[in-house]
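Undergrad: Pasting run06.cif below, which is mmCIF, C-alpha atoms.
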data_target
loop_
_atom_site.label_atom_id
_atom_site.label_comp_id
_atom_site.auth_asym_id
_atom_site.auth_seq_id
_atom_site.Cartn_x
_atom_site.Cartn_y
_atom_site.Cartn_z
CA MET A 53 4.83 -49.12 0.70
CA THR A 54 7.18 -51.69 -0.68
CA GLY A 55 8.56 -54.95 0.61
CA PRO A 56 6.92 -57.49 2.88
CA ARG A 57 7.47 -55.46 6.08
CA GLY A 58 5.93 -52.36 4.52
CA ASN A 59 2.96 -54.38 3.27
CA VAL A 60 2.39 -55.85 6.74
CA LEU A 61 2.28 -52.41 8.36
CA GLU A 62 0.25 -51.01 5.47
CA LEU A 63 -2.29 -53.83 5.85
CA ALA A 64 -2.43 -53.29 9.61
CA VAL A 65 -2.97 -49.52 9.26
CA LEU A 66 -5.52 -49.75 6.45
CA GLY A 67 -7.36 -52.58 8.21
CA SER A 68 -7.49 -50.63 11.47
CA LEU A 69 -8.73 -47.49 9.73
CA HIS A 70 -11.33 -49.56 7.88
CA GLU A 71 -12.89 -50.26 11.27
CA THR A 72 -13.07 -46.59 12.24
CA PRO A 73 -11.18 -43.31 11.70
CA LEU A 74 -8.48 -42.87 14.37
CA HIS A 75 -6.05 -40.23 15.52
CA GLY A 76 -2.37 -41.14 15.67
CA TYR A 77 -2.25 -42.13 19.32
CA GLU A 78 -5.33 -44.38 19.05
CA LEU A 79 -3.95 -45.95 15.89
CA ARG A 80 -0.59 -46.53 17.55
CA LYS A 81 -2.29 -48.24 20.52
CA ARG A 82 -4.43 -50.42 18.24
CA LEU A 83 -1.42 -51.40 16.11
CA ASN A 84 0.65 -52.16 19.17
CA THR A 85 -2.09 -54.50 20.37
CA LEU A 86 -2.48 -56.08 16.95
CA LEU A 87 1.16 -56.27 15.89
CA GLY A 88 2.56 -56.73 19.36
CA MET A 89 1.03 -60.18 19.51
CA PHE A 90 3.02 -61.23 16.47
CA ARG A 91 6.16 -59.06 16.38
CA ALA A 92 7.76 -56.01 17.88
CA PHE A 93 6.22 -52.80 16.60
CA SER A 94 8.44 -49.81 16.02
CA TYR A 95 6.58 -46.57 16.61
CA GLY A 96 9.16 -44.85 14.41
CA SER A 97 7.73 -46.75 11.44
CA LEU A 98 4.10 -45.62 11.93
CA TYR A 99 4.39 -41.99 10.95
CA PRO A 100 6.48 -42.63 7.80
CA CYS A 101 3.87 -45.25 6.86
CA LEU A 102 1.05 -42.75 7.44
CA LYS A 103 2.89 -40.14 5.39
CA GLY A 104 3.28 -42.62 2.53
CA LEU A 105 -0.39 -43.59 2.67
CA LEU A 106 -1.36 -39.90 2.65
CA THR A 107 0.88 -39.26 -0.36
CA GLU A 108 -0.66 -42.21 -2.20
CA GLY A 109 -4.16 -40.91 -1.42
CA LEU A 110 -5.10 -44.05 0.54
CA ILE A 111 -5.91 -42.09 3.69
CA VAL A 112 -6.75 -38.48 4.50
CA GLU A 113 -6.22 -36.31 7.55
CA GLU A 114 -9.21 -34.63 9.08
CA GLU A 115 -9.09 -31.91 11.69
CA PRO A 116 -11.68 -32.30 14.42
CA PRO A 117 -14.26 -29.52 14.66
CA GLU A 118 -12.90 -26.32 16.18
CA ASP A 119 -14.92 -26.76 19.36
CA VAL A 120 -13.30 -30.18 19.98
CA VAL A 121 -9.81 -29.88 21.40
CA LEU A 122 -8.19 -32.98 22.80
CA GLY A 123 -5.40 -32.03 25.16
CA ARG A 124 -3.38 -28.94 24.29
CA ARG A 125 -4.04 -29.10 20.60
CA SER A 126 -6.54 -30.73 18.31
CA LYS A 127 -5.58 -34.17 17.11
CA ILE A 128 -5.58 -35.10 13.46
CA VAL A 129 -7.83 -38.01 12.63
CA TYR A 130 -6.80 -40.42 9.87
CA LYS A 131 -9.55 -41.79 7.66
CA LEU A 132 -9.57 -44.35 4.86
CA THR A 133 -10.37 -43.10 1.34
CA ALA A 134 -12.16 -45.06 -1.39
CA GLU A 135 -8.71 -45.79 -2.88
CA GLY A 136 -7.57 -46.97 0.55
CA LYS A 137 -10.50 -49.37 0.74
CA GLU A 138 -9.58 -50.73 -2.68
CA ARG A 139 -5.94 -51.15 -1.62
CA LEU A 140 -7.04 -52.92 1.56
CA GLN A 141 -9.12 -55.36 -0.50
CA GLU A 142 -6.13 -55.91 -2.79
CA LEU A 143 -3.89 -56.68 0.20
CA LEU A 144 -6.53 -58.98 1.71
CA THR A 145 -6.69 -61.05 -1.48
CA GLN A 146 -2.95 -61.77 -1.46
CA ALA A 147 -2.72 -65.42 -0.50
CA GLY A 148 0.81 -66.21 -1.65
CA PRO A 149 3.80 -67.31 0.39
CA SER A 150 4.32 -63.93 2.05
CA ALA A 151 0.90 -64.28 3.73
CA TRP A 152 1.98 -67.60 5.29
CA GLU A 153 5.14 -66.33 6.94
CA ASP A 154 5.52 -65.52 10.63
CA GLU A 155 5.89 -61.82 9.79
CA SER A 156 2.49 -61.40 8.15
CA PHE A 157 0.26 -64.40 8.89
CA GLY A 158 -1.09 -62.93 12.14
CA ILE A 159 -2.01 -59.65 10.47
CA HIS A 160 -3.82 -61.41 7.65
CA PHE A 161 -5.58 -63.60 10.21
CA ALA A 162 -6.63 -60.56 12.26
CA PHE A 163 -8.55 -59.25 9.24
CA PHE A 164 -10.01 -62.58 8.06
CA ARG A 165 -13.54 -61.26 8.65
CA HIS A 166 -12.92 -58.96 5.65
CA THR A 167 -11.32 -61.72 3.54
CA GLU A 168 -13.06 -64.02 1.06
CA ALA A 169 -13.44 -67.65 2.15
CA GLU A 170 -11.30 -69.16 -0.60
CA VAL A 171 -8.47 -66.71 0.16
CA ARG A 172 -8.70 -67.54 3.87
CA LEU A 173 -8.46 -71.23 3.04
CA ARG A 174 -5.40 -70.74 0.77
CA ILE A 175 -3.65 -68.74 3.49
CA LEU A 176 -4.45 -71.33 6.18
CA GLU A 177 -3.33 -74.22 3.97
CA GLY A 178 -0.18 -72.35 2.98
CA ARG A 179 0.64 -71.60 6.59
CA ARG A 180 0.09 -75.23 7.54
CA SER A 181 2.32 -76.39 4.70
CA ARG A 182 5.05 -73.95 5.77
CA LEU A 183 4.87 -75.16 9.38
CA GLU A 184 4.90 -78.82 8.32
CA GLU A 185 8.12 -78.11 6.38
CA ARG A 186 9.52 -76.47 9.50
CA LEU A 187 8.51 -79.48 11.60
CA ASP A 188 10.36 -81.84 9.26
CA VAL A 189 13.52 -79.73 9.49
CA VAL A 190 13.37 -79.46 13.30
CA ARG A 191 12.63 -83.18 13.75
CA THR A 192 15.52 -84.14 11.47
CA ALA A 193 17.92 -81.76 13.22
CA LEU A 194 16.76 -82.95 16.63
CA ALA A 195 17.26 -86.60 15.68
CA ARG A 196 20.82 -85.88 14.46
CA THR A 197 21.92 -83.75 17.38
CA ARG A 198 19.97 -85.24 20.30
CA GLU A 199 23.03 -86.92 21.86
CA ARG A 200 25.13 -83.75 21.65
CA LEU A 201 22.59 -81.42 23.30
CA ASP A 202 22.54 -80.64 26.99
CA SER A 203 19.24 -81.25 28.75
CA TYR A 204 18.19 -77.57 28.71
CA THR A 205 18.82 -77.09 25.00
CA LEU A 206 17.03 -80.37 24.33
CA GLU A 207 14.01 -79.15 26.33
CA LEU A 208 14.04 -75.86 24.42
CA GLN A 209 14.07 -77.79 21.13
CA LYS A 210 11.17 -79.97 22.33
CA HIS A 211 9.24 -76.89 23.40
CA GLY A 212 9.69 -75.34 19.96
CA LEU A 213 8.62 -78.55 18.30
CA GLU A 214 5.51 -78.84 20.50
CA SER A 215 4.58 -75.21 19.77
CA VAL A 216 4.70 -75.77 16.03
CA GLU A 217 2.78 -79.05 16.34
CA ARG A 218 0.11 -77.22 18.36
CA GLU A 219 -0.19 -74.54 15.69
CA VAL A 220 -0.53 -77.19 12.97
CA ARG A 221 -3.36 -78.84 14.94
CA TRP A 222 -5.04 -75.44 15.33
CA LEU A 223 -4.68 -74.76 11.60
CA ASN A 224 -6.18 -78.18 10.81
CA GLU A 225 -9.22 -77.27 12.91
CA LEU A 226 -9.59 -73.90 11.18
CA ILE A 227 -9.22 -75.49 7.73
CA ASN A 228 -11.83 -78.12 8.54
CA THR A 229 -14.20 -75.40 9.76
CA GLU A 230 -13.64 -73.30 6.61
CA ARG A 231 -14.26 -76.33 4.37
CA ALA A 232 -17.40 -77.34 6.28
CA GLN A 233 -18.71 -73.77 5.98
CA ALA A 234 -18.01 -73.76 2.23
CA VAL A 235 -19.93 -77.03 1.82
CA GLN A 236 -22.82 -75.62 3.87
CA ASN A 237 -22.87 -72.40 1.85
CA GLN A 238 -22.93 -74.39 -1.41
CA ALA A 239 -25.78 -76.58 -0.09
CA ASP A 240 -27.71 -73.43 0.88
CA ARG A 241 -27.20 -71.98 -2.62
CA ASP A 242 -28.29 -75.27 -4.23
CA GLU A 243 -31.50 -75.27 -2.16
CA ASP A 244 -32.32 -71.65 -2.99
CA PRO A 245 -31.62 -71.03 -6.70
CA ASP A 246 -33.05 -67.49 -6.40
CA SER A 247 -30.11 -66.43 -4.23
CA GLN A 248 -27.64 -66.80 -7.12
#
What do you get writing this file as structure tokens?
TA:
Amino acid sequence: MTGPRGNVLELAVLGSLHETPLHGYELRKRLNTLLGMFRAFSYGSLYPCLKGLLTEGLIVEEEPPEDVVLGRRSKIVYKLTAEGKERLQELLTQAGPSAWEDESFGIHFAFFRHTEAEVRLRILEGRRSRLEERLDVVRTALARTRERLDSYTLELQKHGLESVEREVRWLNELINTERAQAVQNQADRDEDPDSQ
């Protein structure tokens, strides 16, 4: 898988299969739920992605036992390999600008429970920084064009601005929680030197 879009789908597939092995239909439903919240999911991209992951040895296909037939034919179950688990961990540690973008932030966030605390914090701070930049651009553009906008377009601009401001507030809360947890974890380690 190459490119940011491929990495997003790859992360979503590997993360979903890390939870449990799934057959194609179940995986498609899970991905639609996961990705659908953040962007449109093309079913035509799932099977090429699965084929690529199979070729790379990151997942394997397993036939269900002969006595288990689901529907007219048995369904192939996709399962993560040890290499797939390693690749998932590699993807989860990527905290650079691509993880902050609209396209991939939600997917990274969905798998935060499998992500190290310092990586989570870098992603949250990066996302906040990206949104603050966006806020500056929108506020500047709104100030320059306010008189030329009709009332509906102006309301749409305000709505967009309020949505981004709300997400920045939410990110601030998450960042504060992550930092407080890091401080607590350090205090716990300092109290119990045997745990190191």
Undergrad: Enumerate, as a PyMOL selection string, the residues matched when the PyMOL selection byres ((chain A and resi 62-67) around 10) is run on the file above.
TA: chain A and resi 53-54+56-61+68-72+79-80+82-83+86-87+98+101-102+104-105+110-111+130-133+136-137+139-144+156+159-160+162-163+166
Undergrad: For the PyMOL selection byres ((chain A and resi 227) around 12), applied here, can you spell out every residue it catches as a PDB file with C-alpha atoms, keeping the file's coordinate frame?
TA:
ATOM      1  CA  ALA A 169     -13.440 -67.650   2.150  1.00  0.00           C
ATOM      2  CA  GLU A 170     -11.300 -69.160  -0.600  1.00  0.00           C
ATOM      3  CA  VAL A 171      -8.470 -66.710   0.160  1.00  0.00           C
ATOM      4  CA  ARG A 172      -8.700 -67.540   3.870  1.00  0.00           C
ATOM      5  CA  LEU A 173      -8.460 -71.230   3.040  1.00  0.00           C
ATOM      6  CA  ARG A 174      -5.400 -70.740   0.770  1.00  0.00           C
ATOM      7  CA  ILE A 175      -3.650 -68.740   3.490  1.00  0.00           C
ATOM      8  CA  LEU A 176      -4.450 -71.330   6.180  1.00  0.00           C
ATOM      9  CA  GLU A 177      -3.330 -74.220   3.970  1.00  0.00           C
ATOM     10  CA  GLY A 178      -0.180 -72.350   2.980  1.00  0.00           C
ATOM     11  CA  ARG A 179       0.640 -71.600   6.590  1.00  0.00           C
ATOM     12  CA  ARG A 180       0.090 -75.230   7.540  1.00  0.00           C
ATOM     13  CA  SER A 181       2.320 -76.390   4.700  1.00  0.00           C
ATOM     14  CA  VAL A 220      -0.530 -77.190  12.970  1.00  0.00           C
ATOM     15  CA  ARG A 221      -3.360 -78.840  14.940  1.00  0.00           C
ATOM     16  CA  TRP A 222      -5.040 -75.440  15.330  1.00  0.00           C
ATOM     17  CA  LEU A 223      -4.680 -74.760  11.600  1.00  0.00           C
ATOM     18  CA  ASN A 224      -6.180 -78.180  10.810  1.00  0.00           C
ATOM     19  CA  GLU A 225      -9.220 -77.270  12.910  1.00  0.00           C
ATOM     20  CA  LEU A 226      -9.590 -73.900  11.180  1.00  0.00           C
ATOM     21  CA  ASN A 228     -11.830 -78.120   8.540  1.00  0.00           C
ATOM     22  CA  THR A 229     -14.200 -75.400   9.760  1.00  0.00           C
ATOM     23  CA  GLU A 230     -13.640 -73.300   6.610  1.00  0.00           C
ATOM     24  CA  ARG A 231     -14.260 -76.330   4.370  1.00  0.00           C
ATOM     25  CA  ALA A 232     -17.400 -77.340   6.280  1.00  0.00           C
ATOM     26  CA  GLN A 233     -18.710 -73.770   5.980  1.00  0.00           C
ATOM     27  CA  ALA A 234     -18.010 -73.760   2.230  1.00  0.00           C
TER      28      ALA A 234
END
Undergrad: For CA of Asn237 in chain A and CA of Thr145 in chain A, quote the distance in Å rounded to one decimal.
TA: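 Distance between the two atoms: 20.0 Å.
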Undergrad: For CA of Ala195 in chain A and CA of Glu219 in chain A, determine how far apart the two atoms are, in Å to one decimal place.
TA: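 For CA of Ala195 in chain A relative to CA of Glu219 in chain A, the distance reads 21.2 Å.
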Undergrad: Quick one: of A:Gly212, A:Thr197, A:Leu206, A:Gly148, who's nearest to Arg182 in chain A, counting only C-alpha atoms?
TA: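 Answer, going by the shortest atom-to-atom distance: A:Gly148.
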Undergrad: Could you check how far CA of His75 in chain A sits from CA of Lys127 in chain A, in Å to one decimal?
TA: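 Distance reported for this atom pair: 6.3 Å.
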Undergrad: Centre and edge lengths, as lines of an AutoDock Vina configuration file, for the axis-aligned box enclosing every listed atom of range 191-198 of chain A with 8 Å of padding on each of the six sides, in Å to one decimal?
TA:
center_x = 17.3
center_y = -84.2
center_z = 15.9
size_x = 25.3
size_y = 20.8
size_z = 24.8
